[in-house]
Amino acid sequence: MNQYVGMPSAREFVHSPSGLVDFRSDTVTLPSDAMKQAAMVSPLGDDVYEEDPTVKALEEKAAALLGKAAALFFPTATQSNLAGVLSHCQRGDEILIGDQYHICRDEARGVSVLGGVAIEAIATDLNGRMDIDNISAAIKPDDPHCAITRLVCLENTVSGCVQDQRELDAITDRAHRANLAVHLDGARLFNAAVALGCPASQLTSVVDSVSVCLSKGLGAPAGALLAGSVGLIKTARRHRKMLGGGMRQAGLLAACGLYALENNIDRLAEDHAVAKQLANELAAIDSLEVDLDRVQTNMLFFRSRAGNLQQLREFLGRHDVLISGQSPFVRMVVHMDISESAAARTVDLFKRFFSKQVN
Ligand SMILES: *Cc1c(COP(=O)(O)O)cnc(C)c1O
């Protein structure tokens, strides 16, 4: 299965972008008028000189929410993950990471290509869980044949699945006992926190660094944050500069992020409710298989038993509904630009499509 093949573009299928219902990702959310207004009135300065008050306010807010001493604003979570890993590791070091995780699979192996950091991939199950004993077994001895194991990389949520916090804490504890640091890729950590009904800081208390994304379900146009100790963030600031992520009047973007952290976290519960409802209704269609156990936040995955995904995609596209090009399991992501009624309209379209199919 190659998830990168056949990703439809909005232009290819859709004739009226205004009424678009886009399930491809929660990255497609457009900044609201209130968010744009916040950006327009934000005080600005040169953030490479550390003189942008809005960036500073965002970093302080994020550090507080994540229970860390400091945070640093990045253009993307790919870069905050990379700078995070580089802040923990030297060339020739190794990270242990779930084989399905974003840093391992979806960031062009930047930690290895740009950082000289080796990746030891640990098997993950369908819910994104790694086995703690597999992690222990992968920690290398102090032996010249081996890379130096330095860091364990966790992720939460993984494909919409909320990770068991006791297990993550146990992994972190074991890593620390072996003198390894722990980085958490929490691109959608706030979805996990909302699903669990706990503060995000409860999910980050023992890890050494955490990266969160502002441009997914939180609805900002761009941006991510890395949080950790003052020392780690100082190192990460150097890496950010080296990687080309030092932005100047970045308060324009940071204001959107600040607005997102202040206004858009709790409402993620609405996305989760719509995703659950959508999943239940799609699961009732005979030709579809939906793994309801994995619908824990804002994502669902379905497979068509009739195997006619391309026609389905084109049919939906003609009705201004976009789904991603993955197969055999198609991911649908719910976000703030998908209303309950748009989700209901989508279910009707699925029903119409499959009622015409001969299985
Ligand atoms: C999207 C994502 C990232 C990268 O975010 P960008 O801001 O698109 O670079 C990293 N990790 C996970 C788990 C993600 O889902």
# chains A, B, ... in the order shown; residues from 1 in each chain; ligands from 1
>>> residues_around(residues="Lys351 of chain A", least_positions_apart="6", cutoff="10 Å", atoms="only C-alpha atoms", output="list in words")
Glu281, Leu282, Ala284, Ile285, Asp286, Ser287 and Arg345 of chain A
>>> residues_near_ligand(ligand="ligand 1", cutoff="10 Å", atoms="only C-alpha atoms and all ligand atoms", output="compact mmCIF listing (two decimals) with N, CA and C atoms, in the first residue's frame")
# COMPACT_ATOMS: atom_id res chain seq x y z
N SER A 25 -7.57 16.15 5.31
CA SER A 25 -6.73 16.38 6.50
C SER A 25 -7.32 17.54 7.30
N ASP A 26 -6.91 17.65 8.56
CA ASP A 26 -7.27 18.82 9.34
C ASP A 26 -6.30 19.98 9.08
N THR A 27 -5.33 19.78 8.19
CA THR A 27 -4.44 20.88 7.82
C THR A 27 -5.13 21.86 6.87
N PHE A 74 8.00 27.44 15.70
CA PHE A 74 8.56 26.96 14.43
C PHE A 74 7.55 27.13 13.30
N PRO A 75 8.03 27.22 12.06
CA PRO A 75 7.09 27.28 10.95
C PRO A 75 6.29 26.00 10.76
N THR A 76 6.91 24.85 11.03
CA THR A 76 6.23 23.56 10.84
C THR A 76 6.60 22.61 11.97
N ALA A 77 5.79 21.59 12.14
CA ALA A 77 6.10 20.57 13.14
C ALA A 77 7.19 19.63 12.64
N THR A 78 7.35 19.52 11.33
CA THR A 78 8.49 18.75 10.81
C THR A 78 9.79 19.38 11.32
N GLN A 79 9.84 20.72 11.26
CA GLN A 79 11.06 21.38 11.71
C GLN A 79 11.20 21.35 13.23
N SER A 80 10.09 21.45 13.96
CA SER A 80 10.22 21.40 15.43
C SER A 80 10.63 19.99 15.88
N ASN A 81 10.12 18.96 15.20
CA ASN A 81 10.59 17.61 15.52
C ASN A 81 12.08 17.46 15.23
N LEU A 82 12.48 17.95 14.05
CA LEU A 82 13.88 17.82 13.65
C LEU A 82 14.79 18.57 14.63
N GLN A 100 5.57 3.44 12.49
CA GLN A 100 4.51 4.18 11.79
C GLN A 100 4.55 5.68 12.12
N TYR A 101 5.47 6.10 12.94
CA TYR A 101 5.41 7.48 13.41
C TYR A 101 5.93 8.46 12.36
N HIS A 102 5.47 9.67 12.51
CA HIS A 102 5.70 10.70 11.49
C HIS A 102 7.19 10.97 11.26
N ILE A 103 7.97 11.07 12.36
CA ILE A 103 9.40 11.36 12.22
C ILE A 103 10.09 10.23 11.45
N CYS A 104 9.57 9.02 11.61
CA CYS A 104 10.17 7.85 10.95
C CYS A 104 9.76 7.76 9.49
N ARG A 105 8.49 8.08 9.20
CA ARG A 105 7.94 7.78 7.87
C ARG A 105 7.68 9.00 7.00
N ASP A 106 7.38 10.13 7.62
CA ASP A 106 6.78 11.22 6.85
C ASP A 106 7.58 12.52 6.90
N GLU A 107 8.84 12.44 7.29
CA GLU A 107 9.63 13.67 7.33
C GLU A 107 10.93 13.50 6.54
N LEU A 154 8.24 9.22 21.03
CA LEU A 154 6.85 8.79 21.18
C LEU A 154 5.98 9.65 20.25
N GLU A 155 4.73 9.24 20.08
CA GLU A 155 3.77 10.04 19.30
C GLU A 155 2.38 9.89 19.92
N ASN A 156 1.62 10.98 19.92
CA ASN A 156 0.26 10.95 20.47
C ASN A 156 -0.49 12.18 19.97
N THR A 157 -1.62 12.02 19.26
CA THR A 157 -2.23 10.77 18.85
C THR A 157 -1.46 10.16 17.68
N VAL A 158 -1.67 8.84 17.46
CA VAL A 158 -1.11 8.19 16.29
C VAL A 158 -2.29 7.81 15.40
N SER A 159 -2.34 8.38 14.21
CA SER A 159 -3.48 8.16 13.31
C SER A 159 -4.81 8.27 14.06
N GLY A 160 -4.91 9.28 14.87
CA GLY A 160 -6.16 9.54 15.59
C GLY A 160 -6.34 8.72 16.85
N LEU A 184 8.36 13.66 22.55
CA LEU A 184 6.99 13.31 22.17
C LEU A 184 6.56 14.16 20.98
N ASP A 185 6.24 13.49 19.87
CA ASP A 185 5.63 14.19 18.74
C ASP A 185 4.13 14.26 19.02
N GLY A 186 3.73 15.41 19.52
CA GLY A 186 2.32 15.60 19.88
C GLY A 186 1.64 16.54 18.90
N ALA A 187 1.83 16.28 17.60
CA ALA A 187 1.21 17.14 16.59
C ALA A 187 -0.27 17.34 16.91
N ARG A 188 -0.94 16.25 17.30
CA ARG A 188 -2.35 16.33 17.67
C ARG A 188 -2.55 15.98 19.15
N LEU A 189 -1.63 16.43 19.98
CA LEU A 189 -1.70 16.13 21.41
C LEU A 189 -2.97 16.69 22.06
N SER A 211 6.60 18.33 20.82
CA SER A 211 6.29 19.19 19.69
C SER A 211 4.78 19.14 19.45
N VAL A 212 4.17 20.31 19.26
CA VAL A 212 2.73 20.35 18.93
C VAL A 212 2.52 21.20 17.67
N CYS A 213 1.47 20.87 16.95
CA CYS A 213 1.15 21.52 15.69
C CYS A 213 0.00 22.51 15.90
N LEU A 214 0.13 23.70 15.34
CA LEU A 214 -0.96 24.68 15.41
C LEU A 214 -1.83 24.65 14.17
N SER A 215 -1.33 24.06 13.10
CA SER A 215 -1.99 24.19 11.80
C SER A 215 -2.85 22.99 11.45
N LYS A 216 -3.12 22.14 12.43
CA LYS A 216 -4.03 21.01 12.16
C LYS A 216 -5.40 21.36 12.75
N PRO A 221 -3.00 28.98 10.36
CA PRO A 221 -2.53 28.77 8.99
C PRO A 221 -1.17 28.07 8.92
N ALA A 222 -0.35 28.23 9.96
CA ALA A 222 0.97 27.60 9.99
C ALA A 222 1.48 27.64 11.42
N GLY A 223 2.47 26.82 11.70
CA GLY A 223 3.15 26.96 12.98
C GLY A 223 3.11 25.72 13.85
N ALA A 224 4.16 25.61 14.65
CA ALA A 224 4.30 24.51 15.59
C ALA A 224 5.14 25.02 16.75
N LEU A 225 5.13 24.28 17.83
CA LEU A 225 5.95 24.66 18.99
C LEU A 225 6.70 23.47 19.52
>>> select_by_dssp(residues="segment 94-141 of chain A", states="helix (DSSP H, G or I)", output="list in words")
His102, Ile103, Cys104, Arg105, Gly110, Val111, Ser112, Val113, Ile132, Asp133, Asn134, Ile135, Ser136, Ala137 and Ala138 of chain A
>>> select_by_dssp(residues="segment 8-201 of chain A", states="strand (DSSP E or B)", output="PyMOL selection string")
chain A and resi 21-22+70-74+93-98+118-122+124+130+148-155+158+161+181-186
>>> atom_distance(atom1="atom CA of Val113 of chain A", atom2="atom CA of Leu72 of chain A")
23.0 Å
>>> residues_around(residues="Gly228 of chain A", least_positions_apart="3", cutoff="10 Å", atoms="only C-alpha atoms", output="number ranges by chain")
A: 63, 66-72, 84, 183, 204, 207-211, 231-234, 236
>>> write_last_selection(atoms="all heavy atoms", output="CSV table (one decimal), in the first residue's frame")
chain,number,residue,atom,x,y,z
A,63,ALA,N,4.3,27.0,26.6
A,63,ALA,CA,5.1,26.3,27.7
A,63,ALA,C,4.2,26.0,28.9
A,63,ALA,O,4.3,25.0,29.5
A,63,ALA,CB,6.3,27.3,28.1
A,66,LEU,N,1.8,23.1,28.2
A,66,LEU,CA,2.5,21.9,28.1
A,66,LEU,C,3.4,21.5,29.4
A,66,LEU,O,4.0,20.5,29.4
A,66,LEU,CB,3.4,21.8,26.8
A,66,LEU,CG,2.6,22.0,25.5
A,66,LEU,CD1,3.5,22.3,24.3
A,66,LEU,CD2,1.8,20.7,25.3
A,67,GLY,N,3.3,22.4,30.3
A,67,GLY,CA,4.0,22.2,31.6
A,67,GLY,C,5.5,22.1,31.5
A,67,GLY,O,6.2,21.4,32.2
A,68,LYS,N,6.0,22.9,30.6
A,68,LYS,CA,7.5,23.0,30.4
A,68,LYS,C,8.0,24.4,30.7
A,68,LYS,O,7.3,25.4,30.7
A,68,LYS,CB,7.9,22.6,29.0
A,68,LYS,CG,7.5,21.1,28.6
A,68,LYS,CD,8.2,20.1,29.4
A,68,LYS,CE,7.7,18.7,29.2
A,68,LYS,NZ,8.0,17.8,30.3
A,69,ALA,N,9.3,24.5,30.9
A,69,ALA,CA,9.9,25.8,31.3
A,69,ALA,C,10.0,26.7,30.1
A,69,ALA,O,9.9,28.0,30.3
A,69,ALA,CB,11.3,25.5,31.9
A,70,ALA,N,10.1,26.2,28.9
A,70,ALA,CA,10.2,27.1,27.8
A,70,ALA,C,9.7,26.4,26.5
A,70,ALA,O,9.5,25.2,26.5
A,70,ALA,CB,11.7,27.4,27.5
A,71,ALA,N,9.4,27.3,25.5
A,71,ALA,CA,8.9,26.8,24.2
A,71,ALA,C,9.4,27.7,23.1
A,71,ALA,O,9.8,28.8,23.4
A,71,ALA,CB,7.4,26.8,24.2
A,72,LEU,N,9.4,27.1,21.9
A,72,LEU,CA,10.0,27.8,20.8
A,72,LEU,C,9.1,27.6,19.6
A,72,LEU,O,8.6,26.5,19.3
A,72,LEU,CB,11.4,27.3,20.5
A,72,LEU,CG,12.2,28.0,19.4
A,72,LEU,CD1,12.6,29.4,19.9
A,72,LEU,CD2,13.5,27.2,19.2
A,84,GLY,N,14.1,19.3,17.6
A,84,GLY,CA,14.0,18.6,18.9
A,84,GLY,C,15.0,17.5,18.9
A,84,GLY,O,15.8,17.3,19.9
A,183,HIS,N,11.4,12.2,23.5
A,183,HIS,CA,10.7,13.3,22.8
A,183,HIS,C,9.3,12.8,22.4
A,183,HIS,O,9.2,11.7,21.9
A,183,HIS,CB,11.5,13.6,21.5
A,183,HIS,CG,10.8,14.6,20.6
A,183,HIS,ND1,10.7,15.9,20.8
A,183,HIS,CD2,10.2,14.4,19.4
A,183,HIS,CE1,10.0,16.5,19.9
A,183,HIS,NE2,9.7,15.6,19.0
A,204,THR,N,2.4,15.3,29.2
A,204,THR,CA,3.8,15.7,28.8
A,204,THR,C,4.7,15.8,30.0
A,204,THR,O,5.8,16.1,29.9
A,204,THR,CB,3.8,17.1,28.2
A,204,THR,OG1,3.2,18.0,29.1
A,204,THR,CG2,3.0,17.1,26.9
A,207,VAL,N,8.0,13.6,29.8
A,207,VAL,CA,8.9,13.6,28.6
A,207,VAL,C,9.8,14.8,28.7
A,207,VAL,O,9.5,15.8,29.3
A,207,VAL,CB,8.1,13.6,27.3
A,207,VAL,CG1,7.2,12.4,27.2
A,207,VAL,CG2,7.3,14.9,27.1
A,208,ASP,N,10.9,14.7,27.9
A,208,ASP,CA,11.9,15.8,28.0
A,208,ASP,C,11.6,16.9,26.9
A,208,ASP,O,12.0,18.1,27.1
A,208,ASP,CB,13.3,15.2,27.7
A,208,ASP,CG,13.7,14.2,28.7
A,208,ASP,OD1,13.9,14.5,29.9
A,208,ASP,OD2,13.6,13.0,28.4
A,209,SER,N,11.0,16.6,25.9
A,209,SER,CA,10.6,17.6,24.9
A,209,SER,C,9.3,17.1,24.2
A,209,SER,O,9.0,15.9,24.1
A,209,SER,CB,11.7,17.8,23.8
A,209,SER,OG,12.0,16.6,23.2
A,210,VAL,N,8.5,18.1,23.8
A,210,VAL,CA,7.3,17.8,23.1
A,210,VAL,C,7.1,18.8,22.0
A,210,VAL,O,7.4,20.0,22.1
A,210,VAL,CB,6.1,17.8,24.1
A,210,VAL,CG1,6.0,19.1,24.9
A,210,VAL,CG2,4.7,17.6,23.3
A,211,SER,N,6.6,18.3,20.8
A,211,SER,CA,6.3,19.2,19.7
A,211,SER,C,4.8,19.1,19.4
A,211,SER,O,4.2,18.1,19.5
A,211,SER,CB,7.0,18.7,18.5
A,211,SER,OG,6.5,19.2,17.3
A,231,GLY,N,17.4,24.9,28.8
A,231,GLY,CA,18.7,24.5,28.1
A,231,GLY,C,18.4,23.9,26.8
A,231,GLY,O,19.0,24.2,25.8
A,232,LEU,N,17.4,23.0,26.7
A,232,LEU,CA,17.1,22.3,25.5
A,232,LEU,C,16.5,23.3,24.5
A,232,LEU,O,16.9,23.3,23.3
A,232,LEU,CB,16.0,21.2,25.7
A,232,LEU,CG,15.6,20.5,24.4
A,232,LEU,CD1,16.1,19.1,24.5
A,232,LEU,CD2,14.2,20.6,24.1
A,233,ILE,N,15.7,24.3,24.9
A,233,ILE,CA,15.2,25.2,24.0
A,233,ILE,C,16.2,26.2,23.5
A,233,ILE,O,16.2,26.6,22.3
A,233,ILE,CB,14.0,26.0,24.6
A,233,ILE,CG1,12.8,25.0,24.9
A,233,ILE,CG2,13.5,27.2,23.8
A,233,ILE,CD1,12.3,24.3,23.6
A,234,LYS,N,17.2,26.5,24.3
A,234,LYS,CA,18.4,27.3,23.8
A,234,LYS,C,19.1,26.6,22.7
A,234,LYS,O,19.4,27.2,21.7
A,234,LYS,CB,19.3,27.5,25.0
A,234,LYS,CG,20.5,28.5,24.7
A,234,LYS,CD,21.1,29.0,26.0
A,234,LYS,CE,22.2,29.9,25.7
A,234,LYS,NZ,23.6,29.3,25.7
A,236,ALA,N,17.8,24.3,20.8
A,236,ALA,CA,16.9,24.2,19.7
A,236,ALA,C,16.8,25.5,18.9
A,236,ALA,O,16.6,25.5,17.6
A,236,ALA,CB,15.5,23.8,20.2
>>> residues_around(residues="Cys161 of chain A", least_positions_apart="4", cutoff="10 Å", atoms="only C-alpha atoms", output="PyMOL selection string")
chain A and resi 126-129+155-157+188+191-192+195+293-300
>>> write_last_selection(atoms="N, CA, C and O atoms", output="PDB file, in the first residue's frame")
ATOM      1  N   LEU A 126      -1.809  -1.578  15.238  1.00  0.00           N
ATOM      2  CA  LEU A 126      -2.771  -0.741  14.501  1.00  0.00           C
ATOM      3  C   LEU A 126      -3.146   0.527  15.246  1.00  0.00           C
ATOM      4  O   LEU A 126      -3.524   1.526  14.646  1.00  0.00           O
ATOM      5  N   ASN A 127      -3.040   0.476  16.568  1.00  0.00           N
ATOM      6  CA  ASN A 127      -3.374   1.656  17.371  1.00  0.00           C
ATOM      7  C   ASN A 127      -2.172   2.551  17.630  1.00  0.00           C
ATOM      8  O   ASN A 127      -2.261   3.494  18.414  1.00  0.00           O
ATOM      9  N   GLY A 128      -1.039   2.224  17.023  1.00  0.00           N
ATOM     10  CA  GLY A 128       0.136   3.068  17.167  1.00  0.00           C
ATOM     11  C   GLY A 128       0.960   2.775  18.403  1.00  0.00           C
ATOM     12  O   GLY A 128       1.862   3.542  18.761  1.00  0.00           O
ATOM     13  N   ARG A 129       0.680   1.634  19.047  1.00  0.00           N
ATOM     14  CA  ARG A 129       1.330   1.307  20.307  1.00  0.00           C
ATOM     15  C   ARG A 129       2.636   0.551  20.065  1.00  0.00           C
ATOM     16  O   ARG A 129       2.693  -0.364  19.243  1.00  0.00           O
ATOM     17  N   GLU A 155       4.726   9.242  20.078  1.00  0.00           N
ATOM     18  CA  GLU A 155       3.772  10.043  19.301  1.00  0.00           C
ATOM     19  C   GLU A 155       2.381   9.891  19.917  1.00  0.00           C
ATOM     20  O   GLU A 155       2.020   8.813  20.388  1.00  0.00           O
ATOM     21  N   ASN A 156       1.622  10.984  19.923  1.00  0.00           N
ATOM     22  CA  ASN A 156       0.265  10.951  20.470  1.00  0.00           C
ATOM     23  C   ASN A 156      -0.489  12.185  19.967  1.00  0.00           C
ATOM     24  O   ASN A 156       0.000  13.303  20.174  1.00  0.00           O
ATOM     25  N   THR A 157      -1.624  12.017  19.264  1.00  0.00           N
ATOM     26  CA  THR A 157      -2.232  10.773  18.848  1.00  0.00           C
ATOM     27  C   THR A 157      -1.461  10.155  17.676  1.00  0.00           C
ATOM     28  O   THR A 157      -0.714  10.843  16.981  1.00  0.00           O
ATOM     29  N   ARG A 188      -0.936  16.255  17.299  1.00  0.00           N
ATOM     30  CA  ARG A 188      -2.354  16.332  17.673  1.00  0.00           C
ATOM     31  C   ARG A 188      -2.549  15.980  19.153  1.00  0.00           C
ATOM     32  O   ARG A 188      -3.530  15.352  19.534  1.00  0.00           O
ATOM     33  N   ASN A 191      -5.854  16.962  20.753  1.00  0.00           N
ATOM     34  CA  ASN A 191      -6.966  16.041  20.509  1.00  0.00           C
ATOM     35  C   ASN A 191      -6.978  14.923  21.554  1.00  0.00           C
ATOM     36  O   ASN A 191      -8.040  14.538  22.050  1.00  0.00           O
ATOM     37  N   ALA A 192      -5.784  14.422  21.883  1.00  0.00           N
ATOM     38  CA  ALA A 192      -5.704  13.366  22.901  1.00  0.00           C
ATOM     39  C   ALA A 192      -6.170  13.897  24.243  1.00  0.00           C
ATOM     40  O   ALA A 192      -6.953  13.241  24.954  1.00  0.00           O
ATOM     41  N   ALA A 195      -9.907  14.310  24.273  1.00  0.00           N
ATOM     42  CA  ALA A 195     -10.570  12.999  24.312  1.00  0.00           C
ATOM     43  C   ALA A 195     -10.503  12.393  25.718  1.00  0.00           C
ATOM     44  O   ALA A 195     -11.437  11.739  26.162  1.00  0.00           O
ATOM     45  N   ASP A 293     -13.294   0.902  16.611  1.00  0.00           N
ATOM     46  CA  ASP A 293     -12.427   1.012  17.803  1.00  0.00           C
ATOM     47  C   ASP A 293     -11.367   2.099  17.636  1.00  0.00           C
ATOM     48  O   ASP A 293     -10.868   2.643  18.611  1.00  0.00           O
ATOM     49  N   ARG A 294     -11.017   2.361  16.378  1.00  0.00           N
ATOM     50  CA  ARG A 294      -9.948   3.351  16.132  1.00  0.00           C
ATOM     51  C   ARG A 294     -10.481   4.769  15.989  1.00  0.00           C
ATOM     52  O   ARG A 294      -9.711   5.683  15.736  1.00  0.00           O
ATOM     53  N   VAL A 295     -11.782   4.930  16.115  1.00  0.00           N
ATOM     54  CA  VAL A 295     -12.333   6.291  16.022  1.00  0.00           C
ATOM     55  C   VAL A 295     -12.318   6.893  17.427  1.00  0.00           C
ATOM     56  O   VAL A 295     -13.278   6.805  18.180  1.00  0.00           O
ATOM     57  N   GLN A 296     -11.194   7.473  17.779  1.00  0.00           N
ATOM     58  CA  GLN A 296     -11.002   7.949  19.153  1.00  0.00           C
ATOM     59  C   GLN A 296     -10.914   9.466  19.226  1.00  0.00           C
ATOM     60  O   GLN A 296     -11.109  10.051  20.278  1.00  0.00           O
ATOM     61  N   THR A 297     -10.588  10.096  18.113  1.00  0.00           N
ATOM     62  CA  THR A 297     -10.525  11.559  18.090  1.00  0.00           C
ATOM     63  C   THR A 297     -11.192  12.064  16.806  1.00  0.00           C
ATOM     64  O   THR A 297     -12.396  11.888  16.663  1.00  0.00           O
ATOM     65  N   ASN A 298     -10.424  12.646  15.899  1.00  0.00           N
ATOM     66  CA  ASN A 298     -11.043  13.266  14.731  1.00  0.00           C
ATOM     67  C   ASN A 298     -10.806  12.502  13.434  1.00  0.00           C
ATOM     68  O   ASN A 298     -10.982  13.056  12.358  1.00  0.00           O
ATOM     69  N   MET A 299     -10.372  11.250  13.519  1.00  0.00           N
ATOM     70  CA  MET A 299     -10.104  10.485  12.296  1.00  0.00           C
ATOM     71  C   MET A 299     -10.892   9.194  12.256  1.00  0.00           C
ATOM     72  O   MET A 299     -11.149   8.584  13.290  1.00  0.00           O
ATOM     73  N   LEU A 300     -11.224   8.793  11.041  1.00  0.00           N
ATOM     74  CA  LEU A 300     -11.751   7.444  10.861  1.00  0.00           C
ATOM     75  C   LEU A 300     -11.131   6.843   9.611  1.00  0.00           C
ATOM     76  O   LEU A 300     -10.637   7.579   8.727  1.00  0.00           O
TER      77      LEU A 300
END
>>> atom_distance(atom1="atom CA of Ile323 of chain A", atom2="atom CA of Phe23 of chain A")
5.2 Å
>>> closest_residue(among="A:Arg240, A:Arg313, A:Lys276, A:Arg24", to="Phe350 of chain A", atoms="only C-alpha atoms")
A:Arg313
>>> closest_residue(among="A:Ala62, A:Ala255, A:Ala342, A:Ala306", to="Ser42 of chain A", atoms="only C-alpha atoms")
A:Ala255
>>> closest_residue(among="A:Arg318, A:Leu20, A:Gly219, A:Ala275", to="Leu253 of chain A", atoms="only C-alpha atoms")
A:Gly219
>>> residues_around(residues="Arg303 of chain A", least_positions_apart="5", cutoff="7 Å", atoms="only C-alpha atoms", output="PDB file with all heavy atoms, in the first residue's frame")
ATOM      1  N   LEU A 288     -19.124  -1.062   3.207  1.00  0.00           N
ATOM      2  CA  LEU A 288     -18.007  -0.398   3.891  1.00  0.00           C
ATOM      3  C   LEU A 288     -17.615  -1.120   5.170  1.00  0.00           C
ATOM      4  O   LEU A 288     -18.462  -1.643   5.893  1.00  0.00           O
ATOM      5  CB  LEU A 288     -18.376   1.047   4.242  1.00  0.00           C
ATOM      6  CG  LEU A 288     -18.555   2.010   3.080  1.00  0.00           C
ATOM      7  CD1 LEU A 288     -18.820   3.410   3.605  1.00  0.00           C
ATOM      8  CD2 LEU A 288     -17.318   2.011   2.189  1.00  0.00           C
ATOM      9  N   GLU A 289     -16.318  -1.101   5.407  1.00  0.00           N
ATOM     10  CA  GLU A 289     -15.795  -1.622   6.666  1.00  0.00           C
ATOM     11  C   GLU A 289     -15.130  -0.449   7.393  1.00  0.00           C
ATOM     12  O   GLU A 289     -14.256   0.213   6.824  1.00  0.00           O
ATOM     13  CB  GLU A 289     -14.754  -2.696   6.329  1.00  0.00           C
ATOM     14  CG  GLU A 289     -14.180  -3.402   7.519  1.00  0.00           C
ATOM     15  CD  GLU A 289     -13.057  -4.339   7.065  1.00  0.00           C
ATOM     16  OE1 GLU A 289     -13.173  -4.970   5.990  1.00  0.00           O
ATOM     17  OE2 GLU A 289     -12.047  -4.389   7.776  1.00  0.00           O
ATOM     18  N   VAL A 290     -15.602  -0.174   8.596  1.00  0.00           N
ATOM     19  CA  VAL A 290     -15.045   0.933   9.380  1.00  0.00           C
ATOM     20  C   VAL A 290     -14.573   0.352  10.711  1.00  0.00           C
ATOM     21  O   VAL A 290     -15.323  -0.357  11.380  1.00  0.00           O
ATOM     22  CB  VAL A 290     -16.106   2.034   9.654  1.00  0.00           C
ATOM     23  CG1 VAL A 290     -15.483   3.199  10.416  1.00  0.00           C
ATOM     24  CG2 VAL A 290     -16.736   2.514   8.359  1.00  0.00           C
ATOM     25  N   PRO A 328      -5.685   0.439   0.849  1.00  0.00           N
ATOM     26  CA  PRO A 328      -7.117   0.164   0.789  1.00  0.00           C
ATOM     27  C   PRO A 328      -7.907   0.911   1.872  1.00  0.00           C
ATOM     28  O   PRO A 328      -9.104   1.088   1.732  1.00  0.00           O
ATOM     29  CB  PRO A 328      -7.196  -1.341   1.025  1.00  0.00           C
ATOM     30  CG  PRO A 328      -5.993  -1.663   1.844  1.00  0.00           C
ATOM     31  CD  PRO A 328      -4.938  -0.686   1.438  1.00  0.00           C
ATOM     32  N   PHE A 329      -7.234   1.300   2.968  1.00  0.00           N
ATOM     33  CA  PHE A 329      -7.948   2.033   4.006  1.00  0.00           C
ATOM     34  C   PHE A 329      -7.852   3.532   3.736  1.00  0.00           C
ATOM     35  O   PHE A 329      -6.767   4.090   3.621  1.00  0.00           O
ATOM     36  CB  PHE A 329      -7.384   1.710   5.400  1.00  0.00           C
ATOM     37  CG  PHE A 329      -7.959   0.444   5.950  1.00  0.00           C
ATOM     38  CD1 PHE A 329      -7.320  -0.774   5.753  1.00  0.00           C
ATOM     39  CD2 PHE A 329      -9.162   0.452   6.649  1.00  0.00           C
ATOM     40  CE1 PHE A 329      -7.871  -1.947   6.230  1.00  0.00           C
ATOM     41  CE2 PHE A 329      -9.717  -0.715   7.128  1.00  0.00           C
ATOM     42  CZ  PHE A 329      -9.070  -1.916   6.925  1.00  0.00           C
ATOM     43  N   VAL A 330      -9.001   4.163   3.619  1.00  0.00           N
ATOM     44  CA  VAL A 330      -9.045   5.598   3.365  1.00  0.00           C
ATOM     45  C   VAL A 330      -9.229   6.317   4.696  1.00  0.00           C
ATOM     46  O   VAL A 330     -10.092   5.958   5.493  1.00  0.00           O
ATOM     47  CB  VAL A 330     -10.218   5.959   2.430  1.00  0.00           C
ATOM     48  CG1 VAL A 330     -10.280   7.471   2.206  1.00  0.00           C
ATOM     49  CG2 VAL A 330     -10.081   5.225   1.104  1.00  0.00           C
TER      50      VAL A 330
END
>>> closest_residue(among="A:Leu114, A:Leu180, A:Met332, A:Ala250", to="Tyr49 of chain A", atoms="only C-alpha atoms")
A:Ala250
>>> residues_around(residues="Ile135 of chain A", least_positions_apart="3", cutoff="9 Å", atoms="only C-alpha atoms", output="JSON, numbers by chain")
{"A": [96, 97, 122, 130, 131, 132, 138, 139, 152, 171, 175]}
>>> residues_around(residues="segment 89-93 of chain A", least_positions_apart="4", cutoff="9 Å", atoms="only C-alpha atoms", output="ChimeraX atom specification")
/A:84-85,112,115-119,147-151
